[in-house]
Amino acid sequence: MRRIPVIMWPIAGIVVLLLIVAAFIITGPRLTQVSTTTPLVPGESLKMSEVQYDQDKEGGQGWELVAKEAHFFDTTQIVSLKDVLLTLDSTEDNSYTIRGNEGDYCRKSEEIVLKGRVVGTSKSGYQLETTQLTYKQKEESVVTEKPVKVIGPFFRVKGEGLYIDLKRNRFMVKRNVFTTITGGNVL
């Protein structure tokens, strides 16, 4: 039996290592795309995922906005949002949660517009459904001109247009109002 010279052992080790790497490359999993980067839309300054933004006012009143995706347009000061959750804390007694498929936060006018399937609920048991809704931060109000449905503990209201005064906890359906009282004595 012939002995292999000691000088050949490192070369044999490198050959074996190269064969193992080649086998892994040939039979191993394929990575076709490591990451996806989408270009910014014209005029877009910033794109973010999983966004949370809080706006607190004196006395603990304020709002919180959560979105899966946000696109910031610097020239217009508008943040375009996808899959939005807006929580409004209007008073100590009540808070509101509003969900929308899409939305825009206009920094100049301090308004948040929710679009798509918009569903709102209040801590006191009221529910709101519409296709577009605007929260006006300066006025502490919520408005829409679209068809709306409001469901309360003992009534249902359908109509067009809505105004909610968050300071006073009052709402008004503007036009073509149809009301159904669902419980209790009416007269």
# chains A, B, ... in the order shown; residues from 1 in each chain; ligands from 1
call {"tool": "residues_around", "arguments": {"residues": "Lys68 of chain A", "least_positions_apart": "6", "cutoff": "9 Å", "atoms": "only C-alpha atoms", "output": "PyMOL selection string"}}
result
chain A and resi 48-52+81-84
call {"tool": "write_last_selection", "arguments": {"atoms": "all heavy atoms", "output": "short mmCIF file (atom, residue, chain, number, x, y, z; two decimals), in the first residue's frame"}}
result
data_model
loop_
_atom_site.label_atom_id
_atom_site.label_comp_id
_atom_site.auth_asym_id
_atom_site.auth_seq_id
_atom_site.Cartn_x
_atom_site.Cartn_y
_atom_site.Cartn_z
N MET A 48 -43.54 54.11 3.14
CA MET A 48 -43.33 53.39 4.39
C MET A 48 -44.35 52.26 4.53
O MET A 48 -45.44 52.35 3.98
CB MET A 48 -43.49 54.33 5.58
CG MET A 48 -42.50 55.47 5.61
SD MET A 48 -42.86 56.66 6.91
CE MET A 48 -44.21 57.56 6.18
N SER A 49 -44.00 51.25 5.32
CA SER A 49 -44.92 50.16 5.64
C SER A 49 -45.13 50.13 7.15
O SER A 49 -44.26 50.53 7.92
CB SER A 49 -44.33 48.82 5.20
OG SER A 49 -44.20 48.79 3.81
N GLU A 50 -46.32 49.63 7.56
CA GLU A 50 -46.66 49.50 8.98
C GLU A 50 -46.44 50.82 9.72
O GLU A 50 -45.55 50.95 10.54
CB GLU A 50 -45.86 48.36 9.63
CG GLU A 50 -46.03 47.02 8.96
CD GLU A 50 -47.45 46.48 8.96
OE1 GLU A 50 -48.23 46.78 9.89
OE2 GLU A 50 -47.81 45.80 7.99
N VAL A 51 -47.29 51.79 9.42
CA VAL A 51 -47.16 53.15 9.94
C VAL A 51 -48.10 53.35 11.13
O VAL A 51 -49.25 52.92 11.11
CB VAL A 51 -47.49 54.18 8.84
CG1 VAL A 51 -47.43 55.59 9.36
CG2 VAL A 51 -46.58 53.99 7.65
N GLN A 52 -47.61 54.05 12.16
CA GLN A 52 -48.43 54.45 13.30
C GLN A 52 -48.10 55.89 13.61
O GLN A 52 -46.94 56.25 13.77
CB GLN A 52 -48.16 53.57 14.51
CG GLN A 52 -49.03 53.92 15.69
CD GLN A 52 -48.85 52.95 16.85
OE1 GLN A 52 -48.21 51.92 16.71
NE2 GLN A 52 -49.42 53.30 17.97
N LEU A 81 -52.65 56.68 2.13
CA LEU A 81 -52.62 55.53 3.04
C LEU A 81 -53.40 54.34 2.48
O LEU A 81 -54.37 54.53 1.75
CB LEU A 81 -53.23 55.93 4.38
CG LEU A 81 -52.64 57.17 5.04
CD1 LEU A 81 -53.61 57.74 6.06
CD2 LEU A 81 -51.32 56.84 5.67
N LYS A 82 -52.98 53.15 2.86
CA LYS A 82 -53.68 51.90 2.51
C LYS A 82 -54.02 51.15 3.79
O LYS A 82 -53.21 51.07 4.70
CB LYS A 82 -52.80 51.00 1.64
CG LYS A 82 -52.36 51.61 0.34
CD LYS A 82 -53.40 51.48 -0.70
CE LYS A 82 -52.83 52.02 -2.01
NZ LYS A 82 -53.79 52.34 -2.96
N ASP A 83 -55.23 50.59 3.85
CA ASP A 83 -55.70 49.79 4.98
C ASP A 83 -55.52 50.57 6.29
O ASP A 83 -54.62 50.30 7.07
CB ASP A 83 -54.99 48.45 5.04
CG ASP A 83 -55.74 47.43 5.88
OD1 ASP A 83 -56.89 47.71 6.26
OD2 ASP A 83 -55.16 46.38 6.18
N VAL A 84 -56.42 51.51 6.51
CA VAL A 84 -56.27 52.52 7.56
C VAL A 84 -57.18 52.23 8.77
O VAL A 84 -58.32 51.81 8.60
CB VAL A 84 -56.63 53.92 7.01
CG1 VAL A 84 -56.36 55.00 8.02
CG2 VAL A 84 -55.91 54.20 5.72
#
call {"tool": "select_by_dssp", "arguments": {"residues": "segment 73-135 of chain A", "states": "strand (DSSP E)", "output": "PyMOL selection string"}}
result
chain A and resi 73+78-89+95-106+111-122+127-135
call {"tool": "atom_distance", "arguments": {"atom1": "atom CA of Pro147 of chain A", "atom2": "atom CA of Val119 of chain A"}}
result
12.6 Å
call {"tool": "atom_distance", "arguments": {"atom1": "atom CA of Arg168 of chain A", "atom2": "atom CA of Tyr126 of chain A"}}
result
15.3 Å
call {"tool": "closest_residue", "arguments": {"among": "A:Cys106, A:Val148, A:Lys123, A:Tyr163", "to": "Gln77 of chain A", "atoms": "only C-alpha atoms"}}
result
A:Cys106
call {"tool": "closest_residue", "arguments": {"among": "A:Thr144, A:Ser109, A:Thr121, A:Thr131", "to": "Met172 of chain A", "atoms": "only C-alpha atoms"}}
result
A:Thr144
call {"tool": "residues_around", "arguments": {"residues": "Lys47 of chain A", "least_positions_apart": "6", "cutoff": "8 Å", "atoms": "only C-alpha atoms", "output": "list of chain:residue names"}}
result
A:Leu40, A:Glu69, A:Ala70, A:His71, A:Phe72
call {"tool": "residues_around", "arguments": {"residues": "Leu86 of chain A", "least_positions_apart": "3", "cutoff": "8 Å", "atoms": "only C-alpha atoms", "output": "list of chain:residue names"}}
result
A:Trp63, A:Glu64, A:Leu65, A:Val66, A:Thr97, A:Ile98, A:Arg99
call {"tool": "residues_around", "arguments": {"residues": "Ser124 of chain A", "least_positions_apart": "3", "cutoff": "9 Å", "atoms": "only C-alpha atoms", "output": "list in words"}}
result
Asp93, Asn94, Ser95, Tyr96, Thr121, Gly152 and Pro153 of chain A
call {"tool": "write_last_selection", "arguments": {"atoms": "N, CA, C and O atoms", "output": "CSV table (one decimal), in the first residue's frame"}}
result
chain,number,residue,atom,x,y,z
A,93,ASP,N,-65.4,60.1,28.0
A,93,ASP,CA,-66.5,59.1,28.0
A,93,ASP,C,-66.6,58.3,26.8
A,93,ASP,O,-67.1,57.2,26.8
A,94,ASN,N,-66.1,58.8,25.7
A,94,ASN,CA,-66.3,58.1,24.4
A,94,ASN,C,-65.1,58.2,23.5
A,94,ASN,O,-64.4,59.2,23.5
A,95,SER,N,-64.9,57.2,22.7
A,95,SER,CA,-63.9,57.2,21.7
A,95,SER,C,-64.5,56.5,20.5
A,95,SER,O,-65.4,55.7,20.6
A,96,TYR,N,-63.9,56.7,19.3
A,96,TYR,CA,-64.4,56.2,18.0
A,96,TYR,C,-63.2,55.5,17.3
A,96,TYR,O,-62.1,56.0,17.3
A,121,THR,N,-67.0,52.6,14.7
A,121,THR,CA,-67.7,52.2,15.9
A,121,THR,C,-67.4,53.1,17.0
A,121,THR,O,-66.3,53.6,17.0
A,152,GLY,N,-77.7,52.4,16.1
A,152,GLY,CA,-77.5,52.7,17.6
A,152,GLY,C,-78.2,51.6,18.4
A,152,GLY,O,-78.7,50.6,17.9
A,153,PRO,N,-78.2,51.8,19.7
A,153,PRO,CA,-78.7,50.7,20.6
A,153,PRO,C,-80.2,50.5,20.4
A,153,PRO,O,-80.7,49.4,20.6
call {"tool": "atom_distance", "arguments": {"atom1": "atom CA of Leu128 of chain A", "atom2": "atom CA of Glu102 of chain A"}}
result
16.7 Å
call {"tool": "closest_residue", "arguments": {"among": "A:Val150, A:Ile78, A:Val143, A:Leu133", "to": "Leu46 of chain A", "atoms": "only C-alpha atoms"}}
result
A:Ile78
call {"tool": "residues_around", "arguments": {"residues": "segment 155-161 of chain A", "least_positions_apart": "5", "cutoff": "9 Å", "atoms": "only C-alpha atoms", "output": "NGL selection string"}}
result
:A and (143-150 or 172-183)
call {"tool": "write_last_selection", "arguments": {"atoms": "all heavy atoms", "output": "short mmCIF file (atom, residue, chain, number, x, y, z; two decimals), in the first residue's frame"}}
result
data_model
loop_
_atom_site.label_atom_id
_atom_site.label_comp_id
_atom_site.auth_asym_id
_atom_site.auth_seq_id
_atom_site.Cartn_x
_atom_site.Cartn_y
_atom_site.Cartn_z
N VAL A 143 -67.36 64.37 8.80
CA VAL A 143 -68.38 64.72 7.81
C VAL A 143 -68.28 63.80 6.59
O VAL A 143 -67.22 63.26 6.29
CB VAL A 143 -68.27 66.19 7.34
CG1 VAL A 143 -68.51 67.14 8.49
CG2 VAL A 143 -66.94 66.47 6.70
N THR A 144 -69.42 63.67 5.89
CA THR A 144 -69.48 63.01 4.59
C THR A 144 -70.71 63.51 3.86
O THR A 144 -71.68 63.94 4.49
CB THR A 144 -69.51 61.47 4.71
OG1 THR A 144 -69.41 60.92 3.40
CG2 THR A 144 -70.76 60.97 5.37
N GLU A 145 -70.67 63.45 2.55
CA GLU A 145 -71.82 63.75 1.71
C GLU A 145 -72.35 62.48 1.06
O GLU A 145 -73.33 62.51 0.33
CB GLU A 145 -71.46 64.79 0.65
CG GLU A 145 -71.08 66.15 1.22
CD GLU A 145 -72.17 66.77 2.09
OE1 GLU A 145 -73.37 66.69 1.72
OE2 GLU A 145 -71.84 67.34 3.15
N LYS A 146 -71.72 61.36 1.29
CA LYS A 146 -72.08 60.06 0.71
C LYS A 146 -73.22 59.41 1.48
O LYS A 146 -73.51 59.80 2.62
CB LYS A 146 -70.86 59.13 0.71
CG LYS A 146 -69.66 59.66 -0.01
CD LYS A 146 -69.90 59.70 -1.49
CE LYS A 146 -68.64 60.14 -2.21
NZ LYS A 146 -68.82 60.23 -3.63
N PRO A 147 -73.87 58.39 0.89
CA PRO A 147 -74.88 57.63 1.64
C PRO A 147 -74.28 57.02 2.90
O PRO A 147 -73.13 56.59 2.89
CB PRO A 147 -75.32 56.55 0.66
CG PRO A 147 -75.02 57.11 -0.69
CD PRO A 147 -73.78 57.95 -0.51
N VAL A 148 -75.08 57.01 3.96
CA VAL A 148 -74.57 56.58 5.26
C VAL A 148 -75.63 55.75 5.98
O VAL A 148 -76.83 55.93 5.77
CB VAL A 148 -74.15 57.82 6.09
CG1 VAL A 148 -75.33 58.67 6.44
CG2 VAL A 148 -73.38 57.42 7.32
N LYS A 149 -75.16 54.83 6.84
CA LYS A 149 -76.04 54.05 7.70
C LYS A 149 -75.48 54.16 9.11
O LYS A 149 -74.30 53.91 9.34
CB LYS A 149 -76.09 52.60 7.25
CG LYS A 149 -76.98 51.74 8.08
CD LYS A 149 -77.24 50.32 7.58
CE LYS A 149 -76.14 49.64 6.87
NZ LYS A 149 -76.38 48.21 6.60
N VAL A 150 -76.33 54.55 10.07
CA VAL A 150 -75.95 54.65 11.47
C VAL A 150 -76.84 53.71 12.27
O VAL A 150 -78.06 53.75 12.14
CB VAL A 150 -76.10 56.10 12.00
CG1 VAL A 150 -75.72 56.18 13.47
CG2 VAL A 150 -75.28 57.07 11.17
N MET A 172 -75.81 64.26 12.96
CA MET A 172 -76.95 64.66 12.16
C MET A 172 -76.80 64.04 10.77
O MET A 172 -75.77 64.19 10.13
CB MET A 172 -76.99 66.18 12.03
CG MET A 172 -78.07 66.67 11.10
SD MET A 172 -78.11 68.47 10.90
CE MET A 172 -76.63 68.75 9.96
N VAL A 173 -77.83 63.31 10.33
CA VAL A 173 -77.89 62.82 8.96
C VAL A 173 -78.60 63.91 8.17
O VAL A 173 -79.67 64.39 8.55
CB VAL A 173 -78.63 61.48 8.87
CG1 VAL A 173 -78.71 61.00 7.44
CG2 VAL A 173 -77.92 60.44 9.74
N LYS A 174 -78.01 64.33 7.04
CA LYS A 174 -78.43 65.57 6.36
C LYS A 174 -79.67 65.44 5.47
O LYS A 174 -80.56 66.28 5.53
CB LYS A 174 -77.27 66.11 5.54
CG LYS A 174 -76.07 66.52 6.38
CD LYS A 174 -74.95 67.02 5.51
CE LYS A 174 -73.76 67.43 6.35
NZ LYS A 174 -72.64 67.90 5.53
N ARG A 175 -79.73 64.43 4.59
CA ARG A 175 -80.80 64.37 3.59
C ARG A 175 -81.37 62.96 3.45
O ARG A 175 -80.68 61.99 3.75
CB ARG A 175 -80.28 64.78 2.20
CG ARG A 175 -79.72 66.17 2.11
CD ARG A 175 -79.11 66.45 0.74
NE ARG A 175 -78.00 65.58 0.38
CZ ARG A 175 -76.76 65.67 0.86
NH1 ARG A 175 -76.49 66.57 1.76
NH2 ARG A 175 -75.82 64.86 0.46
N ASN A 176 -82.59 62.89 2.91
CA ASN A 176 -83.24 61.60 2.59
C ASN A 176 -83.13 60.61 3.74
O ASN A 176 -82.68 59.48 3.58
CB ASN A 176 -82.66 61.01 1.31
CG ASN A 176 -82.86 61.91 0.12
OD1 ASN A 176 -83.85 62.61 0.02
ND2 ASN A 176 -81.89 61.92 -0.78
N VAL A 177 -83.55 61.04 4.90
CA VAL A 177 -83.38 60.27 6.13
C VAL A 177 -84.52 59.27 6.29
O VAL A 177 -85.69 59.60 6.14
CB VAL A 177 -83.33 61.21 7.36
CG1 VAL A 177 -83.15 60.41 8.64
CG2 VAL A 177 -82.21 62.22 7.20
N PHE A 178 -84.14 58.03 6.60
CA PHE A 178 -85.09 56.96 6.90
C PHE A 178 -84.68 56.37 8.24
O PHE A 178 -83.58 55.85 8.37
CB PHE A 178 -85.08 55.90 5.80
CG PHE A 178 -86.03 54.78 6.04
CD1 PHE A 178 -87.38 54.93 5.81
CD2 PHE A 178 -85.57 53.56 6.51
CE1 PHE A 178 -88.28 53.90 6.02
CE2 PHE A 178 -86.45 52.51 6.75
CZ PHE A 178 -87.81 52.68 6.50
N THR A 179 -85.59 56.44 9.25
CA THR A 179 -85.27 55.99 10.60
C THR A 179 -86.16 54.84 11.01
O THR A 179 -87.37 54.88 10.78
CB THR A 179 -85.45 57.15 11.61
OG1 THR A 179 -84.66 58.25 11.20
CG2 THR A 179 -85.06 56.72 13.01
N THR A 180 -85.56 53.84 11.66
CA THR A 180 -86.31 52.71 12.21
C THR A 180 -85.96 52.63 13.69
O THR A 180 -84.79 52.54 14.05
CB THR A 180 -85.90 51.39 11.52
OG1 THR A 180 -86.10 51.53 10.12
CG2 THR A 180 -86.73 50.23 12.05
N ILE A 181 -87.01 52.65 14.53
CA ILE A 181 -86.81 52.52 15.97
C ILE A 181 -86.99 51.04 16.29
O ILE A 181 -88.02 50.45 15.97
CB ILE A 181 -87.78 53.40 16.76
CG1 ILE A 181 -87.49 54.86 16.40
CG2 ILE A 181 -87.63 53.16 18.25
CD1 ILE A 181 -88.41 55.86 16.99
N THR A 182 -86.00 50.44 16.95
CA THR A 182 -85.99 48.99 17.13
C THR A 182 -86.35 48.52 18.53
O THR A 182 -86.49 47.33 18.74
CB THR A 182 -84.60 48.43 16.78
OG1 THR A 182 -83.63 49.07 17.59
CG2 THR A 182 -84.28 48.64 15.32
N GLY A 183 -86.50 49.39 19.50
CA GLY A 183 -86.82 48.92 20.83
C GLY A 183 -87.45 50.00 21.69
O GLY A 183 -87.37 51.17 21.41
#
call {"tool": "closest_residue", "arguments": {"among": "A:Val118, A:Leu166, A:Leu85, A:Ile26", "to": "Tyr53 of chain A", "atoms": "only C-alpha atoms"}}
result
A:Leu85
call {"tool": "closest_residue", "arguments": {"among": "A:Asp104, A:Thr130, A:Gln137, A:Ala23", "to": "Gly116 of chain A", "atoms": "only C-alpha atoms"}}
result
A:Thr130
call {"tool": "select_by_dssp", "arguments": {"residues": "segment 16-178 of chain A", "states": "alpha helix (DSSP H)", "output": "number ranges by chain"}}
result
A: 16-27
